[in-house]
Structures are given as structure tokens and as C-alpha cells.
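For reference, the structure is listed below as C-alpha cells.
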Amino acid sequence: MTQPVTISTQGGIATVTIDNPPVNALSQAVRQGLADAVPQTEADADVRAVVLLCAGRTFIAGADVREFGQTPQKPHLPDVIDMIEGATKPWIAALHGTALGGGLEVALGCRFRLADPSARLGLPEVNLGLIPGAGGTVRLPRLVGASAALEMIAGGKMVSADKALAMGLVDRIVDGDLTQAALEFAKAEALDKVATPLMARDVAQPDSDKWEAQKAAIAKRARGQNSPLAAITALENALALPADQALAKERELFFQLKDDPQSLALRHIFFAERSAGKMPCLKGVKPRPFDEIGVIGGGTMGAGIVAACLLAGLRVVMLERDDDSLGAGQERVQITLAQSHKRGLIDADTLMRMQGNFSGATDYAALGNADLVIEAVFEDMAVKKDVFTRLDVATRPDAVLATNTSYLDIAEIAGAVADPSRVLGLHFFSPAYIMKLLEIVHPPKVADDVLATGFALAKRLGKIAVPAGVCDGFIGNRIMSAYRRECDYMLEDGALPQDVDAAMRDFGFAMGIFAMQDMAGLDIAWAMRKRQAATRPADMRYVDIPDQLCEMGRFGRKTGAGWYDYSSDPKGAPDPLVEGIITKASADKGITRQPLSADEIMGRIIAVMQSEGRKILDEGIAQSPEAIDVVMVNGYGFPRWRGGPMFMAGME
Ligand code: 3H9
């Protein structure tokens with residue numbers, strides 16, 4: 001096996017290069033290589049300074065998370081970093097790509113940090129249910145101050161090279177060749193500059209009012225997650241204790257968290273998100289090239305898809321049925337682009353370029369050049385088929401055609417096209433320019449390269465792609481329908497909407513199912529239930545409470561009332577009228593209402609999610625239990641730190 005760490009020396013400067021694809025994670029071999037490099041460069045009389053850099057697309061992206069399930073092997077990272085920091089010859093870290101977690105901690109052990117302009121730095125351990133475990137909580141506040149350090153560690157977000165420079169996290173941003181610049185810095189400056197090791201520096205006490213407010217805000221955001229709170233504890237230790245004692249405490253906390261079920265769940269979902277989108281049958285299959293995208297429909301979903309494509313640098317033609325609808329759709333897109341600009345996500349030039357990439361039309365002939373067309377019109381089979389019949393005529397025969405349907409049979413929709421092999425499902429979640437999930441639905445006749453194009457588009461849009469087979473609701477909506485039904489049963493059995501919603505929020509969902517329905521509108525599901533009425537099994541338990549609400553015109557927030565009443569409380573207040581309908585429904589069916597505890601409510605919800613998930617797996621709709629978890633976490637608000645319903649099934 002080739003060594004992942006190599007040393008070369010030129011002109012008095014040693015270059016230590018880590019080459020451990022894909023992300024230069026700190027495996028045991030890398031740690032050993034670094035630990036060997038310190039005495040070797042110290043002993044070499046020709047060496048005056050050491051440049052640490054990485055081959056490939058990134059600096060070190062952190063500890064090798066795959067090793068976390070095994071017994072820790074020496075040399076341990078904190079010891080390696082101590083060695084680097086304690087070296088008499090200054091180490092200079094040259095950062096490109098991402099310097100994350102243990103990777104940034106290694107850089108903090110170096111005397112200097114130089115960065116490529118596009119580098120991003122962060123301590124994202126909290127996203128894996130952890131805190132930095134190799135000195136990050138002790139060294140970072142000594143460099144950038146306690147408050148900035150707490151924000152980075154508890155928030156887990158990356159900062160740009162520019163921001164890192166402004167914070168004092170890097171010493172310099174270098175344009176041009178990073179290696180060359182680091183070597184020059186080593187020769188010309190590093191030897192003369194005094195850079196006290198971070199462990200030997202003092203940490204400034206923050207303003208106590210601001211500090212307390214910052215901690216309170218983090219605790220509120222944590223919503224049941226342990227690691228942000230542990231980050232606060234570690235930073236308080238760093239403020240209160242001598243550096244070596246704070247370091248020992250950090251290590252203790254790190255190990256406690258590593259074995260915490262929350263960290264196991266977060267590590268599970270991290271890897272699940274990376275494996276769920278891989279379809280063995282597509283290995284080596286080349287996607288069709290795409291540059292111009294057609295989107296049919298300028299409603300909330302269509303406009304969101306257009307914005308997502310524009311923000312990814314694609315050219316887009318939006319098609320609507322008449323000028324008024326087109327104008328409204330285009331305005332929705334322009335508002336989204338303007339907001340992205342306002343938030344600093346795109347600069348003025350990019351905004352103008354994106355606006356130039358966007359056109360609208362009311363005639364299908366405008367889609368003649370499109371490489372890929374996504375339909376996002378009204379959820380009705382006849383309407384969708386009509387769209388695809390027109391697309392069949394208007395588009396190039398090699399153009400990929402996608403439907404954004406959430407429930408309808410894509411094989412039937414594909415039947416409207418002479419060559420159904422070019423049709424697939426791309427099920428976006430709203431708002432499509434924000435939500436990360438994309439279900440890629442594969443009807444039986446879809447060609448492999450068409451499917452591969454769906455995945456390539458997902459990658460281009462920065463989405464997490466999950467393949468799904470054709471069925472009513474695919475993966476996510478099918479599970480949601482099943483558990484929503486269970487929640488309706490619970491209403492008849494003894495719970496009220498506010499009980500179910502509170503139990504879900506306590507479990508970690510941002511919102512309960514009934515409040516969510518009020519937000520989305522009750523009428524869409526009502527229309528679907530009416531469509532399904534004819535085929536619903538006669539012996540299936542059916543709860544008509546939501547139908548009764550719809551018959552009263554209570555469609556949710558947009559009508560001022562749904563499950564909740566919004567007339568006096570914009571957040572929605574429990575409504576005695578709804579309670580009356582519910583208790584009457586129980587009485588009509590002869591059900592004696594029994595109060596349900598939060599545990600019972602969540603037990604029933606999770607059990608239904610799991611049993612529907614197992615059916616989905618048995619039918620081959622989802623490739624793996626991980627895929628189901630990824631869908632539920634990224635599309636349906638399932639708390640990430642619980643790993644997903646299928647992960648929980650494995651923990652029982
Ligand atoms: C830590 O550092 C603890 C320390 O404080 C203390 C220790 C004592 N380990 O995401 P991608 C794999 S905790 C192992 O698709 P991208 C990933 O699974 C760590 N494997 O690429 C995938 O494998 P595959 C703190 C890892 O360009 C491949 O690399 N650091 C790790 O979209 C490509 O990944 C983090 O939390 C890892 N650490 O994004 C950073 N990271 O090809 C986690 C990635 O088999 N990583 N892999 O599917 C990331 O955020 C992104 O991967 C990164 C690249 C931004 C680096």
C-alpha cells in the first residue's frame with residue numbers, strides 16, 4: 001500500500017503531503033504518517049520550516065468517521081497535533097477545498113494557516129452529534145475569541161476564506177499556486193514571525209450578557225439535540241480552566257458523545273445520504289448532456305424548480321398556458337432570485353446572468369431545444385397526459401421528459417409519449433430551490449441513461465437524490481399518507497390535533513401533522529380522497545373528520561381555519577368546534593375515547609412508518625432502509641438526530 005503521508009525537502013523547507021482520497025480523512029495511517037513526520041523533520045538539520053498540504057480536491061475533511069465504530073488506534077489525533085504544535089520548526093498549513101473537523105484542528109496546531117480563496121473552514125462535528133475532540137474547543141477561542149468559536153462549533157457551519165481571514169482564523173489568503181505561495185511564505189516570513197502556540201495563549205473572557213444570550217439562543221435552536229449543549233460546556237471549560245485541563249475535559253465529552261445514540265443516528269444519516277442515491281444498475285452509464293431545461297407550470301412548485309435550475313447555472317424556459325399565468329410565474333422566480341441576491345448568495349453579475357438565462361413562453365414550440373423538460377402542472381392524470389402528448393410532438397426525440405407528480409402513476413403518464421423510455425419522475429419538495437430532497441422515480445420502461453440524467457441533474461442542483469419505484473406516493477408521500485391515517489384514527493380513539501402535534505414537536509419534528517396540513521391546505525388531500533373513494537377497500541377504517549372540515553370551507557391557514565382557528569392567533573388556536581366534531585365522530589362509531597400519552601402517540605406514528613417502510617422495501621419501491629430514512633429526514637421533517645424510522649427499528 002502506498003503511504004498516505006510523504007515528505008520532500010527543498011531549499012530548507014519540508015513539504016508534508018497527505019494523499020488519502022477521497023477527502024484526506026485522518027485515518028490511522030494518516031495520523032501515523034504525521035506523527036512520523038514531526039521527529040523526521042525535527043531531526044533534519046536542513047529543514048527550517050514545514051509546509052503541510054493535501055493532494056486532491058481538499059485539505060483534510062476531518063477524522064475518518066468510518067473508524068468511529070472501532071477501538072481507537074494510536075497515535076491519537078490530539079497527541080499528533082500536540083507534536084506538530086510543539087515542533088521547534090514552524091508548521092504552515094496550506095488549506096484548499098474544505099478544512100473540517102479534525103482537519104481544521106490539525107491546522108490550528110500549526111503555527112500559520114494560509115488559504116486558497118475558495119477554501120472553506122469549519123468544525124462541523126456537531127452535525128454528527130459530536131464536538132471537536134482534538135483541541136478545537138480549546139485552541140479556536142484562543143485564536144478567534146470565545147463568541148466566534150462558540151458560533152462555529154455549536155452551529156457547525158463552514159466559513160469562507162474571506163470570513164476566516166477577517167476572524168483571524170487564517171493568516172493570509174493566497175491567489176495563484178497555493179503550494180508555491182506556502183513555500184515562499186515559509187522561506188521569507190515564517191522564520192522571522194513570532195507565533196505563540198495556541199495552547200500557550202490566553203483566552204479573553206467574553207462580555208457576560210452577550211455570552212449568556214448567545215448560549216440561550218443555541219440551547220433554543222438545539223431542540224433536543226445534545227451536541228450543541230456539549231459545545232457550550234466545552235467552551236465554558238475553555239474559558240474557566242487552564243488549557244491542558246480544558247483539553248482533557250473536551251476529550252471526555254467527545255467520547256461520551258461518540259457513544260450517544262444521537263451521534264450514531266447522525267453518523268448513520270450522513271453515510272445514508274451518500275449511499276442512498278447510488279443505483280448499481282447505473283454504474284458506468286453516461287447521463288445525457290443537459291444545459292437547457294424546460295419547466296411546465298409557473299405555480300409555487302414550477303417556479304421553485306425554475307429558480308433551483310437557474311441558481312445552478314442552467315438555462316430555463318418556463319411554459320405556461322397564457323400570458324397572465326406566465327407573468328405571475330415569472331414574477332415568482334424573479335422574487336426568489338432577488339431574495340438570493342439580497343441574502344448575499346449571488347452577486348449582482350450572477351443575478352443578471354441568471355435573469356438572462358431565463359425565458360418564458362406559452363407555446364410548446366419554445367421547448368424544441370430543451371434537453372430536459374420537467375412538468376409541474378395540476379395533479380390530475382388527464383391534465384398530465386395532455387401535457388406529455390404535446391411534449392411528444394414539441395421536444396427533440398432524445399430530450400428527457402420528467403413529471404413532478406407526487407402520487408400519480410408515472411408509467412401511465414409515460415404511455416402518452418411514443419418513446420416512454422425517456423420519461424421519469426423527478427419529485428421535488430417545496431420550496432424546490434431550498435429543499436434538498438429529490439425522489440427520482442423510475443417507471444419500468446425508463447432508459448438507464450435517462451435515469452442517470454435525473455441523478456446528474458440532482459447533483460447539479462445540489463440535491464440529495466433517492467431512487468424510488470412507481471407506487472401511490474412513492475416513498476415519502478406513501479409513508480406520510482399511512483401515518484396521517486393513523487393520526488386520524490388517534491383522533492377518533494381519544495387524542496386531539498393539539499395532542500398529536502405537541503407529541504410530534506417534543507419528539508423533534510418542527511411541526512405536527514395537523515398544523516402542517518393547515519399550512520399546506522386541506523383541499524388537496526380532500527380532492528385525492530374523493531378520487532380514491534371508488535377504489536378504497538370497503539372494510540378499511542375511514543375517518544371522515546377532515547372531510548367534514550373541508551365541507552365547512554375550513555381548508556387551513558389560507559381560509560383562516562382548518563384543524564386550528566387562525567382568526568385571533570396567527571399560530572393557530574385549538575378550536576372547540578373541531579373538538580366537537582371529533583368527539584361526535586368517536587361517539588357515532590361507538591368508540592369510548594381514551595386519552596393518549598405523547599409516548600403512545602409517537603409509538604403509533606413510528607410503528608406505522610416502519611411497517612409501511614417494510615412494505616415499500618418488500619415491493620422494491622425503495623432500495624434500502626437507509627433510502628427511506630434519507631427521505632423522511634430530508635423531506636418530512638423527521639428529526640435528523642433520531643436517524644429516521646428504519647434506523648430506529650434497528651435500535652429497538
Ligand atoms: C472529526 O473530525 C472529529 C475530530 O474533531 C476529533 C477526532 C478525535 N470520514 O460528501 P461527499 C466520504 S469528525 C470518512 O460525497 P463532497 C463520504 O462518505 C469529522 N469518510 O463529497 C464519501 O464516500 P463515498 C468532521 C468521509 O465533495 C466521500 O468521502 N468532519 C468523511 O460532496 C465523498 O464525500 C466532517 O463532518 C469522513 N470524515 O463533500 C466532514 N467525509 O464516495 C464530513 C467524507 O464512499 N464530510 N467522507 O460515498 C463532509 O462534509 C463532505 O464529505 C465534504 C465533501 C464537504 C468533505
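By order of appearance in the C-alpha cells: chains A, B, ..., then residues from 1 within every chain, and ligands from 1 in the order shown.
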Practice task
Just the residues within 9 Å of Asp19 of chain A, please, counting only C-alpha atoms, with nothing from its chain fewer than 3 positions along; format it as a list in words.
Solution key: Gln3, Pro4, Val5, Thr6, Pro22, Val23, Asn24, Val30, Cys54, Ala55 and Gly56 of chain A
Same residues, C-alpha atoms, output as a PDB file, in the first residue's frame:
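To be explicit, this is the file written out as out37.pdb:
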ATOM      1  CA  GLN A   3       1.999   5.779   2.093  1.00  0.00           C
ATOM      2  CA  PRO A   4      -0.710   8.409   2.556  1.00  0.00           C
ATOM      3  CA  VAL A   5       1.813  10.882   4.003  1.00  0.00           C
ATOM      4  CA  THR A   6       5.044  11.755   2.192  1.00  0.00           C
ATOM      5  CA  PRO A  22     -11.399  10.964  -1.438  1.00  0.00           C
ATOM      6  CA  VAL A  23     -11.284  13.639   1.298  1.00  0.00           C
ATOM      7  CA  ASN A  24      -7.941  13.099   3.077  1.00  0.00           C
ATOM      8  CA  VAL A  30      -2.511   9.357   8.064  1.00  0.00           C
ATOM      9  CA  CYS A  54      -3.036  17.882   0.846  1.00  0.00           C
ATOM     10  CA  ALA A  55      -3.257  16.299  -2.576  1.00  0.00           C
ATOM     11  CA  GLY A  56      -6.546  16.061  -4.429  1.00  0.00           C
TER      12      GLY A  56
END
Exercise for the section: Compile the contact shell of segment 499-504 of chain A as a ChimeraX atom specification: residues with an atom at most 10 Å away, counting only C-alpha atoms, same-chain residues fewer than 5 positions apart removed. Expected result: /A:487-488,490-491,494,509-516,595-602,605,638-639
Exercise for the section: Dump the neighbourhood of ligand 1 as a list in words: all residues within 6 Å, distances computed on only C-alpha atoms and all ligand atoms. Expected result: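 Residues satisfying the distance criterion: Pro22, Val23, Ala25, Ala61, Gly62, Ala63, Asp64, Val65, Arg66, Leu77, Leu100, Gly101, Gly102, Pro124, Glu125, Pro132, Gly133, Ala134, Phe271, Arg274 and Ser275 of chain A.
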Exercise for the section: List the neighbours of Glu67 of chain A out to 10 Å using only C-alpha atoms; skip same-chain residues closer than 3 positions along the sequence, and give me the result as a VMD selection string. Expected result: chain A and resid 26 to 28 63 to 64 70 to 73
Exercise for the section: Please provide as a ChimeraX atom specification all residues within 12 Å of Phe255 of chain A, with the sequence filter that same-chain residues fewer than 2 positions apart are discarded (counting only C-alpha atoms). Expected result: /A:68-69,71-72,129-134,227,230,248-253,257-260,263
Exercise for the section: Any chance you could list, as a PyMOL selection string, the residues in segment 187-326 of chain A that come up helix (DSSP H, G or I) when DSSP is run on the backbone? Expected result: chain A and resi 187-190+198-200+208-222+226-240+243-258+261-275+280-282+300-311+323-326
